[in-house]
Every structure is written in structure tokens, then in C-alpha cells.
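Structure first, commentary second.
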Amino acid sequence: MNIDDVLQKARQIWGDDKLTLEEIIVRLTVNVGDISRLARDKAEAGVLDESELKKELGNTVFSLIRWCDDLGYDLKECLKLAAAAQRSYIQKRQASH
């Protein structure tokens, strides 16, 4: 499944309504909270529900693709910017060691 397929599938599920930045951040916080709960459960009980973690990570990625589109951003451009920023971060970190 490529990015365009994911976006098309997301639009089939959610329709064409667009969320605002404020609406997106609330939902993203819920996703992060769900992942945090799984990490806490692992820390406290020593058991990780990997199936649930996979679902929550996938849910976050799936939603972020739609949310970039909701805000009118080209996802491929967003990914290129992110890759460049991460590459720059690693280079700066390695240079300081």
C-alpha cells in the first residue's frame, strides 16, 4: 500500500470533511496517550500487548497521512522535510561527540 492508497482508504472511511489543526492535535494526543498506556502497562506488569501497539502505531501513521491532507499539505513534501531534519539532527549530534 502506498501513500496515495492510504489516503484514498482514509477518505473512504472518514469522508471529505477536513479537521483543523486544533482538532488534529487533540486526536494525536489521544493516540500518544494510548501508546503511553501500553508502555506503562509494560513497565508495571512486564508484558507488552504487541498487537495493540502495532494497531496504535498504525492508527497514528494512517491518521497523520489524512491530517496532512486535511491541512492542505503535500505529504511527500512533509516526509522530505522530516527526513532532512532528522538527517541534520544526527549529523549535528555526531559532530558534537
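Going through the C-alpha cells in order, the chains are called A, B, and so on, while each chain numbers its residues from 1 and the ligands are numbered from 1 in the order shown.
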>> Among chain A, which residues does DSSP mark as alpha helix (DSSP H) when it is run on the backbone? Keep the chain and numbering as in the structure and answer as a PyMOL selection string.
In response: chain A and resi 3-14+21-45+50-70+75-95
Can you list every residue of segment 51-85 of chain A that has an atom at most 12 Å from segment 29-47 of chain A, with its nearest atom pair and the distance in Å to one decimal, using only C-alpha atoms, ordered by chain then number, as a tab-separated table?
```
residue	atom	partner	partner_atom	distance
A:Ser51	CA	A:Leu38	CA	10.6
A:Glu52	CA	A:Leu38	CA	8.0
A:Leu53	CA	A:Ile35	CA	6.6
A:Lys54	CA	A:Ile35	CA	9.6
A:Lys55	CA	A:Ile35	CA	9.7
A:Glu56	CA	A:Ile35	CA	6.5
A:Leu57	CA	A:Ile35	CA	7.6
A:Gly58	CA	A:Asn31	CA	10.2
A:Asn59	CA	A:Asn31	CA	7.7
A:Thr60	CA	A:Asn31	CA	6.3
A:Val61	CA	A:Asn31	CA	10.0
A:Phe62	CA	A:Asn31	CA	11.3
A:Ser63	CA	A:Asn31	CA	9.5
A:Leu64	CA	A:Asn31	CA	10.6
```
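Around Asp4 of chain A, within 12 Å and counting only C-alpha atoms, the residues found are Met1, Leu7, Gln8, Lys9, Ala10, Arg11, Phe62, Ile65, Arg66, Asp69, Asp74, Leu75 and Lys76 of chain A, once anything fewer than 3 positions away on its own chain is removed.
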Selection above as a file: C-alpha atoms, as an mmCIF file, in the first residue's frame:
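As a result, result-v1.cif now contains:
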```
data_model
loop_
_atom_site.group_PDB
_atom_site.id
_atom_site.type_symbol
_atom_site.label_atom_id
_atom_site.label_comp_id
_atom_site.auth_asym_id
_atom_site.auth_seq_id
_atom_site.Cartn_x
_atom_site.Cartn_y
_atom_site.Cartn_z
ATOM 1 C CA MET A 1 0.000 0.000 0.000
ATOM 2 C CA LEU A 7 -5.104 8.497 1.775
ATOM 3 C CA GLN A 8 -7.777 7.105 -0.535
ATOM 4 C CA LYS A 9 -8.688 4.433 2.048
ATOM 5 C CA ALA A 10 -8.799 7.077 4.798
ATOM 6 C CA ARG A 11 -11.133 9.240 2.735
ATOM 7 C CA PHE A 62 -2.777 6.219 8.996
ATOM 8 C CA ILE A 65 -1.453 10.896 6.373
ATOM 9 C CA ARG A 66 -5.052 12.105 6.350
ATOM 10 C CA ASP A 69 -4.058 16.329 3.620
ATOM 11 C CA ASP A 74 1.559 17.553 0.354
ATOM 12 C CA LEU A 75 2.530 14.520 2.401
ATOM 13 C CA LYS A 76 5.536 13.712 0.233
#
```
